[in-house]
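*Asks:* So that you have it, the file is query27.txt, and it contains compact mmCIF, C-alpha atoms and all ligand atoms:
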```txt
# COMPACT_ATOMS: atom_id res chain seq x y z
CA MET A 186 -19.37 33.68 13.28
CA SER A 187 -21.83 35.90 11.46
CA THR A 188 -22.85 39.02 13.33
CA HIS A 189 -26.00 41.03 13.38
CA LEU A 190 -24.85 43.48 16.06
CA PHE A 191 -22.23 44.86 13.70
CA THR A 192 -24.41 45.12 10.63
CA PRO A 193 -25.22 48.78 9.89
CA TYR A 194 -28.81 49.92 10.32
CA THR A 195 -30.82 52.73 8.81
CA LEU A 196 -32.83 54.40 11.56
CA THR A 197 -35.12 56.60 9.48
CA GLU A 198 -32.79 59.49 8.56
CA LEU A 199 -29.77 58.24 10.51
CA GLN A 200 -27.18 55.70 9.42
CA LEU A 201 -26.05 53.63 12.40
CA PRO A 202 -22.71 51.83 11.99
CA ASN A 203 -23.83 49.05 14.34
CA ARG A 204 -26.87 47.93 16.34
CA VAL A 205 -25.44 48.60 19.79
CA VAL A 206 -27.44 51.28 21.61
CA MET A 207 -26.39 52.94 24.86
CA ALA A 208 -29.39 52.73 27.21
CA PRO A 209 -30.40 55.87 29.10
CA MET A 210 -28.73 56.02 32.51
CA THR A 211 -29.16 58.61 35.26
CA ARG A 212 -25.76 59.51 36.69
CA ASN A 213 -26.64 62.52 38.90
CA ARG A 214 -23.68 64.65 37.94
CA ALA A 215 -25.42 67.79 36.63
CA ASP A 216 -25.10 70.91 38.80
CA ASP A 217 -27.69 71.87 41.41
CA ASP A 218 -29.75 73.70 38.76
CA GLY A 219 -29.74 70.69 36.45
CA VAL A 220 -27.18 72.21 34.09
CA PRO A 221 -24.89 69.61 32.47
CA VAL A 222 -21.23 69.92 33.47
CA PRO A 223 -18.14 69.48 31.23
CA MET A 224 -17.34 65.92 32.36
CA MET A 225 -20.69 64.84 30.91
CA ALA A 226 -19.42 65.74 27.42
CA THR A 227 -16.36 63.58 28.02
CA TYR A 228 -18.49 60.67 29.29
CA TYR A 229 -20.84 60.60 26.30
CA ALA A 230 -18.08 61.23 23.72
CA GLN A 231 -16.11 58.29 25.15
CA ARG A 232 -19.08 56.09 24.24
CA ALA A 233 -19.70 57.54 20.74
CA SER A 234 -18.85 54.35 18.83
CA GLY A 235 -22.30 52.89 19.58
CA GLY A 236 -24.94 53.01 16.86
CA LEU A 237 -27.02 55.38 18.99
CA LEU A 238 -26.55 56.91 22.44
CA ILE A 239 -29.53 57.85 24.60
CA THR A 240 -28.88 60.30 27.41
CA GLU A 241 -29.86 59.95 31.02
CA ALA A 242 -33.44 60.98 31.80
CA THR A 243 -33.77 64.76 31.66
CA GLN A 244 -36.65 66.64 33.29
CA VAL A 245 -38.82 68.88 31.16
CA SER A 246 -39.97 71.12 34.03
CA PRO A 247 -39.27 71.86 37.70
CA GLN A 248 -42.26 69.68 38.67
CA GLY A 249 -40.80 66.84 36.62
CA ARG A 250 -37.82 66.46 38.94
CA GLY A 251 -37.47 63.74 41.57
CA TYR A 252 -33.77 63.30 42.26
CA VAL A 253 -30.68 65.32 43.08
CA ASN A 254 -28.40 66.52 40.29
CA THR A 255 -30.42 65.15 37.38
CA PRO A 256 -30.24 67.37 34.30
CA GLY A 257 -33.01 69.55 32.90
CA ILE A 258 -33.97 70.72 29.42
CA TYR A 259 -36.29 73.65 30.08
CA THR A 260 -34.05 76.70 30.59
CA ASP A 261 -31.58 78.25 28.18
CA ARG A 262 -28.82 77.42 30.66
CA HIS A 263 -29.76 73.74 30.35
CA THR A 264 -29.63 73.99 26.57
CA ALA A 265 -26.26 75.73 26.68
CA GLY A 266 -24.99 73.04 29.07
CA TRP A 267 -26.06 70.24 26.74
CA ARG A 268 -24.53 71.80 23.62
CA PRO A 269 -20.93 70.76 24.45
CA VAL A 270 -22.25 67.21 24.97
CA THR A 271 -23.80 66.95 21.51
CA GLU A 272 -20.79 68.67 19.92
CA ALA A 273 -18.35 66.26 21.58
CA VAL A 274 -20.39 63.21 20.55
CA HIS A 275 -20.68 64.43 16.97
CA ALA A 276 -16.97 65.28 16.83
CA ALA A 277 -16.31 61.68 17.90
CA GLY A 278 -18.56 60.40 15.08
CA GLY A 279 -21.61 59.48 17.19
CA ARG A 280 -25.36 60.09 17.29
CA ILE A 281 -27.24 61.02 20.47
CA PHE A 282 -30.90 61.32 21.52
CA LEU A 283 -32.02 63.10 24.70
CA GLN A 284 -34.44 61.26 27.01
CA LEU A 285 -37.36 63.55 27.97
CA TRP A 286 -38.65 62.91 31.49
CA HIS A 287 -41.30 63.85 34.00
CA VAL A 288 -41.17 61.83 37.23
CA GLY A 289 -44.79 62.47 38.26
CA ARG A 290 -45.34 61.00 41.74
CA ILE A 291 -41.76 59.68 42.11
CA SER A 292 -40.70 62.85 43.85
CA HIS A 293 -40.63 64.66 47.15
CA THR A 294 -42.12 67.96 48.23
CA ARG A 295 -38.59 69.28 48.79
CA PHE A 296 -37.91 69.00 45.02
CA GLN A 297 -41.15 70.70 44.05
CA PRO A 298 -41.64 74.44 43.55
CA ASP A 299 -42.94 75.98 46.83
CA GLY A 300 -42.77 72.58 48.51
CA ALA A 301 -45.99 71.54 46.76
CA ALA A 302 -47.17 67.95 46.33
CA PRO A 303 -45.80 66.12 43.26
CA LEU A 304 -48.18 65.66 40.33
CA ALA A 305 -49.74 62.36 39.24
CA PRO A 306 -52.78 61.01 37.40
CA SER A 307 -54.32 60.07 40.77
CA ALA A 308 -53.52 60.91 44.39
CA ILE A 309 -51.90 57.55 45.18
CA ARG A 310 -48.55 57.57 46.95
CA ALA A 311 -45.81 55.36 45.53
CA ASP A 312 -44.49 52.86 48.02
CA THR A 313 -40.88 53.72 47.27
CA GLN A 314 -38.01 55.87 48.46
CA VAL A 315 -36.54 58.87 46.69
CA PHE A 316 -32.98 60.03 47.21
CA THR A 317 -32.84 63.59 48.54
CA THR A 318 -30.03 65.75 49.85
CA ASP A 319 -30.82 64.17 53.26
CA GLY A 320 -30.63 60.62 51.97
CA PHE A 321 -33.53 58.33 51.16
CA ARG A 322 -37.04 59.55 52.03
CA PRO A 323 -40.44 58.03 51.23
CA ALA A 324 -41.95 59.49 48.04
CA SER A 325 -44.46 62.23 48.91
CA LYS A 326 -48.19 61.79 48.39
CA PRO A 327 -49.02 63.29 44.99
CA ARG A 328 -51.94 65.45 43.88
CA ALA A 329 -54.10 64.42 40.90
CA VAL A 330 -53.58 66.79 37.97
CA SER A 331 -56.51 68.62 36.40
CA VAL A 332 -57.24 68.40 32.67
CA PRO A 333 -55.82 71.90 32.00
CA GLU A 334 -52.67 70.88 33.90
CA ILE A 335 -52.32 67.84 31.64
CA ALA A 336 -52.26 70.20 28.66
CA ASP A 337 -49.57 72.23 30.45
CA ILE A 338 -47.42 69.13 30.93
CA VAL A 339 -47.81 68.17 27.27
CA ALA A 340 -46.59 71.69 26.45
CA GLN A 341 -43.60 71.15 28.78
CA PHE A 342 -42.61 68.01 26.84
CA ARG A 343 -42.95 69.99 23.65
CA HIS A 344 -40.78 72.79 25.01
CA GLY A 345 -38.16 70.27 26.17
CA ALA A 346 -38.17 68.74 22.70
CA ALA A 347 -37.60 72.16 21.13
CA GLN A 348 -34.79 72.95 23.58
CA ALA A 349 -33.17 69.58 22.79
CA LYS A 350 -33.18 70.52 19.14
CA ALA A 351 -31.53 73.83 19.96
CA ALA A 352 -28.90 71.92 21.95
CA GLY A 353 -27.92 69.96 18.84
CA PHE A 354 -29.33 66.51 19.62
CA ASP A 355 -30.13 64.09 16.79
CA GLY A 356 -33.53 63.29 18.25
CA VAL A 357 -35.37 62.62 21.48
CA GLU A 358 -36.70 59.61 23.38
CA ILE A 359 -39.91 60.02 25.38
CA HIS A 360 -39.50 58.31 28.76
CA ALA A 361 -42.75 56.40 29.18
CA ALA A 362 -41.14 53.58 31.20
CA ASN A 363 -40.14 52.69 34.75
CA GLY A 364 -43.10 54.04 36.68
CA TYR A 365 -42.66 57.72 35.88
CA LEU A 366 -45.46 60.11 34.88
CA ILE A 367 -46.41 58.74 31.46
CA ASP A 368 -46.25 55.16 32.78
CA GLN A 369 -48.43 56.26 35.74
CA PHE A 370 -51.09 57.34 33.25
CA LEU A 371 -50.78 54.11 31.27
CA ARG A 372 -51.32 51.62 34.07
CA ASP A 373 -54.50 51.02 35.98
CA ALA A 374 -52.87 50.61 39.41
CA THR A 375 -51.78 54.26 39.34
CA ASN A 376 -54.44 55.76 37.07
CA ARG A 377 -57.88 55.77 38.70
CA ARG A 378 -59.21 58.76 36.79
CA THR A 379 -62.79 58.83 35.61
CA ASP A 380 -62.32 61.45 32.88
CA ALA A 381 -60.98 61.13 29.31
CA TYR A 382 -57.52 60.16 30.66
CA GLY A 383 -58.56 57.17 32.79
CA GLY A 384 -60.56 53.96 32.72
CA SER A 385 -60.40 52.28 29.32
CA ILE A 386 -57.11 51.48 27.61
CA ALA A 387 -57.96 54.06 24.94
CA ASN A 388 -58.24 56.68 27.67
CA ARG A 389 -55.11 55.60 29.56
CA ILE A 390 -52.91 55.79 26.46
CA ARG A 391 -54.28 59.25 25.58
CA PHE A 392 -51.65 61.21 27.55
CA ALA A 393 -48.76 59.22 26.03
CA LEU A 394 -50.14 59.85 22.55
CA GLU A 395 -50.67 63.55 23.22
CA VAL A 396 -47.08 63.92 24.44
CA THR A 397 -45.84 61.99 21.40
CA THR A 398 -47.89 64.16 19.04
CA ALA A 399 -46.49 67.34 20.61
CA VAL A 400 -42.89 66.12 20.47
CA VAL A 401 -43.34 64.91 16.88
CA GLN A 402 -44.58 68.38 15.95
CA GLU A 403 -41.17 69.74 17.00
CA TRP A 404 -38.98 67.05 15.50
CA GLY A 405 -40.86 65.11 12.85
CA PRO A 406 -41.64 61.47 13.64
CA GLY A 407 -38.36 60.07 12.34
CA ARG A 408 -36.38 61.67 15.16
CA VAL A 409 -38.60 60.58 18.05
CA GLY A 410 -38.49 57.33 19.99
CA ILE A 411 -40.45 56.17 23.03
CA ARG A 412 -39.39 53.91 25.89
CA LEU A 413 -41.80 51.49 27.59
CA SER A 414 -41.40 48.86 30.31
CA PRO A 415 -44.55 46.71 29.98
CA ARG A 416 -43.85 44.24 32.79
CA GLY A 417 -41.67 46.41 35.01
CA THR A 418 -42.62 46.94 38.64
CA PHE A 419 -39.91 49.51 39.43
CA ASN A 420 -41.37 52.52 41.28
CA ASP A 421 -44.32 50.53 42.62
CA ILE A 422 -46.25 50.16 39.40
CA GLN A 423 -48.34 47.45 37.77
CA ASP A 424 -51.26 46.86 35.47
CA SER A 425 -54.07 44.33 35.30
CA ASP A 426 -53.32 43.40 31.66
CA PRO A 427 -49.95 44.58 30.28
CA PRO A 428 -50.16 42.68 26.95
CA ALA A 429 -53.52 44.30 26.11
CA LEU A 430 -52.39 47.76 27.24
CA PHE A 431 -49.01 47.82 25.56
CA GLY A 432 -50.25 45.98 22.46
CA ALA A 433 -52.86 48.69 21.97
CA LEU A 434 -50.31 51.43 22.54
CA ALA A 435 -47.86 49.82 20.10
CA GLU A 436 -50.58 49.70 17.48
CA ALA A 437 -51.54 53.33 18.05
CA LEU A 438 -47.87 54.37 17.68
CA ASN A 439 -47.82 52.97 14.13
CA THR A 440 -49.67 56.02 12.93
CA PHE A 441 -46.80 58.49 13.51
CA PRO A 442 -44.50 56.55 12.45
CA LEU A 443 -41.71 57.01 15.02
CA ALA A 444 -37.98 56.35 14.81
CA TYR A 445 -38.40 53.47 17.26
CA VAL A 446 -40.09 51.85 20.22
CA HIS A 447 -37.65 50.91 22.98
CA LEU A 448 -38.75 48.16 25.35
CA VAL A 449 -37.25 47.33 28.71
CA GLU A 450 -37.99 43.61 28.80
CA PRO A 451 -35.49 41.98 31.13
CA GLN A 452 -33.88 38.65 30.49
CA PRO A 453 -34.96 36.03 33.04
CA GLY A 454 -33.20 36.47 36.38
CA HIS A 455 -32.04 40.04 35.72
CA PRO A 456 -30.17 41.15 38.87
CA ALA A 457 -31.87 44.56 39.11
CA LEU A 458 -35.11 44.61 37.13
CA THR A 459 -38.22 43.03 38.63
CA VAL A 460 -41.17 41.98 36.49
CA GLN A 461 -44.82 41.54 37.32
CA SER A 462 -45.37 37.92 38.29
CA GLY A 463 -47.61 35.83 36.08
CA VAL A 464 -47.19 38.10 33.05
CA ASP A 465 -45.44 36.60 30.01
CA PRO A 466 -42.94 38.68 28.00
CA VAL A 467 -44.74 41.47 26.14
CA ALA A 468 -42.01 42.05 23.55
CA PRO A 469 -43.44 39.44 21.14
CA VAL A 470 -46.84 41.16 21.31
CA VAL A 471 -45.28 44.55 20.57
CA ARG A 472 -43.12 43.08 17.80
CA ARG A 473 -46.24 41.68 16.16
CA ARG A 474 -48.34 44.81 16.44
CA TYR A 475 -45.72 47.54 15.96
CA ARG A 476 -44.43 47.95 12.40
CA GLY A 477 -41.35 50.12 13.03
CA THR A 478 -37.92 49.71 14.59
CA LEU A 479 -37.84 47.89 17.92
CA ILE A 480 -35.04 48.24 20.47
CA LEU A 481 -34.86 45.65 23.26
CA ASN A 482 -33.03 46.14 26.55
CA GLY A 483 -32.54 44.32 29.82
CA GLY A 484 -29.60 42.12 30.69
CA TYR A 485 -28.31 41.47 27.19
CA THR A 486 -24.89 39.97 26.54
CA ARG A 487 -23.22 39.69 23.15
CA GLU A 488 -24.62 36.18 22.78
CA THR A 489 -28.21 36.97 23.74
CA ALA A 490 -28.15 40.17 21.70
CA GLU A 491 -26.96 38.31 18.60
CA ALA A 492 -29.63 35.66 19.19
CA ALA A 493 -32.43 38.23 19.55
CA LEU A 494 -31.37 39.96 16.34
CA ALA A 495 -30.95 36.64 14.49
CA GLU A 496 -34.48 35.59 15.50
CA ASN A 497 -35.77 38.99 14.35
CA GLY A 498 -37.04 39.69 17.87
CA ALA A 499 -35.59 43.20 17.64
CA ASP A 500 -33.69 45.52 15.29
CA LEU A 501 -31.33 47.08 17.84
CA ILE A 502 -30.20 46.11 21.35
CA ALA A 503 -29.59 48.60 24.15
CA PHE A 504 -27.01 47.97 26.84
CA GLY A 505 -27.09 49.73 30.19
CA VAL A 506 -24.63 48.72 32.90
CA PRO A 507 -22.16 47.09 30.45
CA TYR A 508 -21.97 50.40 28.56
CA LEU A 509 -21.63 52.42 31.75
CA ALA A 510 -18.49 50.44 32.65
CA ASN A 511 -17.08 50.05 29.13
CA PRO A 512 -16.72 53.18 27.01
CA ASP A 513 -15.62 51.04 24.06
CA LEU A 514 -18.37 48.46 24.51
CA PRO A 515 -19.01 47.96 20.76
CA GLU A 516 -15.35 47.13 20.13
CA ARG A 517 -15.22 44.81 23.13
CA LEU A 518 -18.35 42.98 21.96
CA GLN A 519 -17.02 42.70 18.44
CA ARG A 520 -13.67 41.33 19.61
CA GLN A 521 -15.33 39.15 22.23
CA ALA A 522 -13.09 40.75 24.80
CA SER A 523 -13.78 40.72 28.52
CA LEU A 524 -15.63 43.63 30.10
CA ASN A 525 -14.68 46.00 32.92
CA PRO A 526 -16.80 45.24 36.01
CA PRO A 527 -19.15 48.06 37.04
CA ASP A 528 -18.62 49.95 40.31
CA GLN A 529 -22.11 50.31 41.82
CA ALA A 530 -20.93 52.82 44.43
CA THR A 531 -20.31 55.46 41.75
CA PHE A 532 -23.45 54.92 39.64
CA TYR A 533 -25.44 57.81 41.09
CA GLY A 534 -23.55 61.02 41.74
CA GLY A 535 -19.93 61.91 42.39
CA ASP A 536 -17.10 63.04 40.19
CA GLU A 537 -15.02 61.55 37.36
CA LYS A 538 -14.33 58.43 39.41
CA GLY A 539 -16.51 55.62 38.10
CA TYR A 540 -17.70 57.97 35.36
CA THR A 541 -15.04 58.91 32.83
CA ASP A 542 -12.19 56.74 34.14
CA TYR A 543 -13.27 53.27 32.98
CA PRO A 544 -10.43 52.13 30.68
CA THR A 545 -10.77 51.15 27.04
CA LEU A 546 -9.12 47.99 25.74
CA ALA A 547 -6.27 50.10 24.39
CA GLU A 548 -5.73 51.69 27.80
CA ALA A 549 -5.92 48.43 29.73
CA PRO A 550 -5.42 45.58 27.29
CA VAL A 551 -7.01 42.33 28.32
CA SER A 552 -6.77 39.03 26.59
CA ALA A 553 -9.47 38.62 23.97
C1 LIG B 601 -27.26 53.76 36.89
C2 LIG B 601 -28.53 53.52 36.12
C3 LIG B 601 -29.33 54.60 35.77
C4 LIG B 601 -30.47 54.41 35.00
N1 LIG B 601 -31.21 55.50 34.59
C5 LIG B 601 -32.20 55.35 33.67
C6 LIG B 601 -32.79 56.49 33.06
O1 LIG B 601 -32.43 57.64 33.33
N2 LIG B 601 -33.79 56.27 32.17
C7 LIG B 601 -34.23 55.02 31.85
O2 LIG B 601 -35.14 54.87 31.02
N3 LIG B 601 -33.65 53.92 32.40
C8 LIG B 601 -32.64 54.06 33.27
N4 LIG B 601 -31.98 52.96 33.77
C9 LIG B 601 -32.33 51.62 33.26
C10 LIG B 601 -31.40 51.23 32.11
O3 LIG B 601 -31.62 52.05 30.96
C11 LIG B 601 -31.62 49.77 31.68
O4 LIG B 601 -32.98 49.59 31.36
C12 LIG B 601 -31.21 48.78 32.75
O5 LIG B 601 -29.91 49.08 33.26
C13 LIG B 601 -31.22 47.35 32.21
O6 LIG B 601 -30.31 47.21 31.14
P1 LIG B 601 -28.90 46.45 31.37
O7 LIG B 601 -29.25 45.10 31.93
O8 LIG B 601 -28.26 46.38 30.01
O9 LIG B 601 -28.12 47.27 32.36
C14 LIG B 601 -30.86 53.10 34.59
C15 LIG B 601 -30.07 52.01 34.99
C16 LIG B 601 -28.92 52.22 35.74
C17 LIG B 601 -28.07 51.04 36.11
```
Once more with this new file: its structure as structure tokens, please.
*Replies:*
Amino acid sequence: MSTHLFTPYTLTELQLPNRVVMAPMTRNRADDDGVPVPMMATYYAQRASGGLLITEATQVSPQGRGYVNTPGIYTDRHTAGWRPVTEAVHAAGGRIFLQLWHVGRISHTRFQPDGAAPLAPSAIRADTQVFTTDGFRPASKPRAVSVPEIADIVAQFRHGAAQAKAAGFDGVEIHAANGYLIDQFLRDATNRRTDAYGGSIANRIRFALEVTTAVVQEWGPGRVGIRLSPRGTFNDIQDSDPPALFGALAEALNTFPLAYVHLVEPQPGHPALTVQSGVDPVAPVVRRRYRGTLILNGGYTRETAEAALAENGADLIAFGVPYLANPDLPERLQRQASLNPPDQATFYGGDEKGYTDYPTLAEAPVSA
């Protein structure tokens, strides 16, 4: 059969050998200071045959942290810890973007400097649990950031982008999805501000655009992507009109123009991703209004990925859990081989088990 997944793609300045993208996945294996450890270089290099790898979410500041053992990109130790990762991926022939992250209200006072309240657009607690060193705890009530603090956070994203460049990444992805800080500004359930950053859609997308502008100043637009989850409800988030909000944002993003927009838009019945009820898929709206490269993610198989590319619904497809469990996912998809099953117990934290020990086809041949 003809394949789109294995047709090369020019992503601005990068030549991708295929259209399989590794979705960003938090694995909680950095050290207690957020410094990447050597097994992370092995993990990403094992997966280097994808067209593009996107790292796990990586906090741009101490306030941007909400989980144990997630990596950072704001100190020189972080940068030095990431360098072996980018070198290993490049030595294996791959390309890798770092995902820049600020959790906003999805945090706990015990993660925050001086035990302070987490930061958010508005002082509305998320009805969710965060995993701390003492197990799951309710997210702490956040404090609404001031306008000068917003400028500080934009500067933190910019600094993270610069540090990522120093670490040897090929580009960066701004994490504006999944109910974290930028998403909290975008949506009207979490953003009740009455200043220039709240109210109208134009005001609610302002912070995302300011972050993007700052990151683009470091990298140039062709090395910057942004991730959005228009219908997602993860981390207790929703909006009164996602198609209008994300359509307007997509249109505004045309002006940069970025390397890509990456949408989490789950296939119906996705086992892990919930969507806002009564809201139709937003990907077609974004595809219509956004003129650049579109990556889709959320429950794709080889068949549904090929179909989405054939229908021109997307240019690239990102795979999460299948890539986590299959270091040679592109080859397996191309050969229509079976996939290793994922081990949920080792997703978040631990050692090499369930991280770098998933076998390739060559190591554990299965019938194609
Ligand atoms: C273990 C795990 C960690 C994840 N961490 C992140 C993350 O750091 N950043 C992000 O944007 N999405 C994260 N996600 C969401 C995935 O990128 C992806 O959207 C989701 O797994 C759906 O794609 P899939 O059906 O191909 O797995 C994570 C998902 C999993 C399973």
*Asks:* Residues contacting ligand LIG 601 (chain B) - anything with an atom at most 7 Å away, using all atoms listed in the file - can you give me those as an MDAnalysis selection string?
*Replies:* chainID A and resid 208:212 241:242 360 362:363 412 449 451 455 458 482:485 503:507 532:533
*Asks:* Go ahead and write the selection's residues with C-alpha atoms as a short mmCIF file (atom, residue, chain, number, x, y, z; two decimals), in the frame of the given file.
*Replies:*
```cif
data_model
loop_
_atom_site.label_atom_id
_atom_site.label_comp_id
_atom_site.auth_asym_id
_atom_site.auth_seq_id
_atom_site.Cartn_x
_atom_site.Cartn_y
_atom_site.Cartn_z
CA ALA A 208 -29.39 52.73 27.21
CA PRO A 209 -30.40 55.87 29.10
CA MET A 210 -28.73 56.02 32.51
CA THR A 211 -29.16 58.61 35.26
CA ARG A 212 -25.76 59.51 36.69
CA GLU A 241 -29.86 59.95 31.02
CA ALA A 242 -33.44 60.98 31.80
CA HIS A 360 -39.50 58.31 28.76
CA ALA A 362 -41.14 53.58 31.20
CA ASN A 363 -40.14 52.69 34.75
CA ARG A 412 -39.39 53.91 25.89
CA VAL A 449 -37.25 47.33 28.71
CA PRO A 451 -35.49 41.98 31.13
CA HIS A 455 -32.04 40.04 35.72
CA LEU A 458 -35.11 44.61 37.13
CA ASN A 482 -33.03 46.14 26.55
CA GLY A 483 -32.54 44.32 29.82
CA GLY A 484 -29.60 42.12 30.69
CA TYR A 485 -28.31 41.47 27.19
CA ALA A 503 -29.59 48.60 24.15
CA PHE A 504 -27.01 47.97 26.84
CA GLY A 505 -27.09 49.73 30.19
CA VAL A 506 -24.63 48.72 32.90
CA PRO A 507 -22.16 47.09 30.45
CA PHE A 532 -23.45 54.92 39.64
CA TYR A 533 -25.44 57.81 41.09
#
```
*Asks:* Show me, as a PyMOL selection string, the residues that have an atom within 8 Å of Gly257 in chain A when counting only C-alpha atoms, minus same-chain residues fewer than 2 positions from it.
*Replies:* chain A and resi 218-220+243-246+255+259-260+263
*Asks:* Residues of the last selection are to be written out with C-alpha atoms, as a compact mmCIF listing (two decimals), in the frame of the given file.
*Replies:*
```
# COMPACT_ATOMS: atom_id res chain seq x y z
CA ASP A 218 -29.75 73.70 38.76
CA GLY A 219 -29.74 70.69 36.45
CA VAL A 220 -27.18 72.21 34.09
CA THR A 243 -33.77 64.76 31.66
CA GLN A 244 -36.65 66.64 33.29
CA VAL A 245 -38.82 68.88 31.16
CA SER A 246 -39.97 71.12 34.03
CA THR A 255 -30.42 65.15 37.38
CA TYR A 259 -36.29 73.65 30.08
CA THR A 260 -34.05 76.70 30.59
CA HIS A 263 -29.76 73.74 30.35
```
*Asks:* So that each row is one residue of range 335-357 of chain A with an atom at most 12 Å from range 297-304 of chain A, can you give its shortest atom pair and the distance in Å to one decimal, using only C-alpha atoms, rows by chain and rising number, as a Markdown table?
*Replies:*
```
| residue | atom | partner | partner_atom | distance |
| --- | --- | --- | --- | --- |
| A:Ile335 | CA | A:Leu304 | CA | 9.9 |
| A:Asp337 | CA | A:Leu304 | CA | 11.9 |
| A:Ile338 | CA | A:Leu304 | CA | 10.0 |
```
*Asks:* In terms of the shortest atom-to-atom distance over only C-alpha atoms, which of A:Val396, A:Ala351, A:Ala311, A:Ala510 is closest to Ala336 in chain A?
*Replies:*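 Smallest separation from Ala336 in chain A among the options: A:Val396.
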*Asks:* Neighbourhood query: residues within 10 Å of (-16.8, 48.9, 25.4), file coordinates, counting all atoms listed in the file; return as a PDB file with C-alpha atoms, keeping the file's coordinate frame.
*Replies:*
```pdb
ATOM      1  CA  GLN A 231     -16.110  58.290  25.150  1.00  0.00           C
ATOM      2  CA  ARG A 232     -19.080  56.090  24.240  1.00  0.00           C
ATOM      3  CA  SER A 234     -18.850  54.350  18.830  1.00  0.00           C
ATOM      4  CA  GLY A 235     -22.300  52.890  19.580  1.00  0.00           C
ATOM      5  CA  PRO A 507     -22.160  47.090  30.450  1.00  0.00           C
ATOM      6  CA  TYR A 508     -21.970  50.400  28.560  1.00  0.00           C
ATOM      7  CA  LEU A 509     -21.630  52.420  31.750  1.00  0.00           C
ATOM      8  CA  ALA A 510     -18.490  50.440  32.650  1.00  0.00           C
ATOM      9  CA  ASN A 511     -17.080  50.050  29.130  1.00  0.00           C
ATOM     10  CA  PRO A 512     -16.720  53.180  27.010  1.00  0.00           C
ATOM     11  CA  ASP A 513     -15.620  51.040  24.060  1.00  0.00           C
ATOM     12  CA  LEU A 514     -18.370  48.460  24.510  1.00  0.00           C
ATOM     13  CA  PRO A 515     -19.010  47.960  20.760  1.00  0.00           C
ATOM     14  CA  GLU A 516     -15.350  47.130  20.130  1.00  0.00           C
ATOM     15  CA  ARG A 517     -15.220  44.810  23.130  1.00  0.00           C
ATOM     16  CA  LEU A 518     -18.350  42.980  21.960  1.00  0.00           C
ATOM     17  CA  GLN A 519     -17.020  42.700  18.440  1.00  0.00           C
ATOM     18  CA  ALA A 522     -13.090  40.750  24.800  1.00  0.00           C
ATOM     19  CA  SER A 523     -13.780  40.720  28.520  1.00  0.00           C
ATOM     20  CA  LEU A 524     -15.630  43.630  30.100  1.00  0.00           C
ATOM     21  CA  ASN A 525     -14.680  46.000  32.920  1.00  0.00           C
ATOM     22  CA  TYR A 543     -13.270  53.270  32.980  1.00  0.00           C
ATOM     23  CA  PRO A 544     -10.430  52.130  30.680  1.00  0.00           C
ATOM     24  CA  THR A 545     -10.770  51.150  27.040  1.00  0.00           C
ATOM     25  CA  LEU A 546      -9.120  47.990  25.740  1.00  0.00           C
TER      26      LEU A 546
END
```
*Asks:* Excluding Gly535 in chain A and any residue of its chain fewer than 6 positions from it, enumerate the residues within 12 Å of it, using only C-alpha atoms, and give them as a short mmCIF file (atom, residue, chain, number, x, y, z; two decimals) with C-alpha atoms, keeping the file's coordinate frame.
*Replies:*
```
data_model
loop_
_atom_site.label_atom_id
_atom_site.label_comp_id
_atom_site.auth_asym_id
_atom_site.auth_seq_id
_atom_site.Cartn_x
_atom_site.Cartn_y
_atom_site.Cartn_z
CA ARG A 212 -25.76 59.51 36.69
CA ASN A 213 -26.64 62.52 38.90
CA ARG A 214 -23.68 64.65 37.94
CA ALA A 215 -25.42 67.79 36.63
CA ASP A 216 -25.10 70.91 38.80
CA MET A 224 -17.34 65.92 32.36
CA MET A 225 -20.69 64.84 30.91
CA VAL A 253 -30.68 65.32 43.08
CA ASN A 254 -28.40 66.52 40.29
CA GLN A 529 -22.11 50.31 41.82
CA THR A 541 -15.04 58.91 32.83
#
```
*Asks:* Can you work out the spacing between CA of Arg204 in chain A and CA of Ala393 in chain A in Å, to one decimal?
*Replies:*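 Distance between the two atoms: 26.5 Å.
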*Asks:* Got a minute to add N, CA and C atoms to range 378-384 of chain A and dump it as a PDB file, keeping the file's coordinate frame?
*Replies:*
```pdb
ATOM      1  N   ARG A 378     -58.398  57.628  37.236  1.00  0.00           N
ATOM      2  CA  ARG A 378     -59.210  58.760  36.790  1.00  0.00           C
ATOM      3  C   ARG A 378     -60.504  58.282  36.156  1.00  0.00           C
ATOM      4  N   THR A 379     -61.493  59.164  36.205  1.00  0.00           N
ATOM      5  CA  THR A 379     -62.790  58.830  35.610  1.00  0.00           C
ATOM      6  C   THR A 379     -63.102  59.756  34.435  1.00  0.00           C
ATOM      7  N   ASP A 380     -62.100  60.559  34.023  1.00  0.00           N
ATOM      8  CA  ASP A 380     -62.320  61.450  32.880  1.00  0.00           C
ATOM      9  C   ASP A 380     -61.733  60.817  31.609  1.00  0.00           C
ATOM     10  N   ALA A 381     -61.440  61.631  30.609  1.00  0.00           N
ATOM     11  CA  ALA A 381     -60.980  61.130  29.310  1.00  0.00           C
ATOM     12  C   ALA A 381     -59.576  60.528  29.367  1.00  0.00           C
ATOM     13  N   TYR A 382     -58.892  60.669  30.514  1.00  0.00           N
ATOM     14  CA  TYR A 382     -57.520  60.160  30.660  1.00  0.00           C
ATOM     15  C   TYR A 382     -57.436  58.910  31.532  1.00  0.00           C
ATOM     16  N   GLY A 383     -58.590  58.362  31.920  1.00  0.00           N
ATOM     17  CA  GLY A 383     -58.560  57.170  32.790  1.00  0.00           C
ATOM     18  C   GLY A 383     -59.642  56.181  32.407  1.00  0.00           C
ATOM     19  N   GLY A 384     -59.546  54.987  32.983  1.00  0.00           N
ATOM     20  CA  GLY A 384     -60.560  53.960  32.720  1.00  0.00           C
ATOM     21  C   GLY A 384     -60.126  53.029  31.611  1.00  0.00           C
TER      22      GLY A 384
END
```
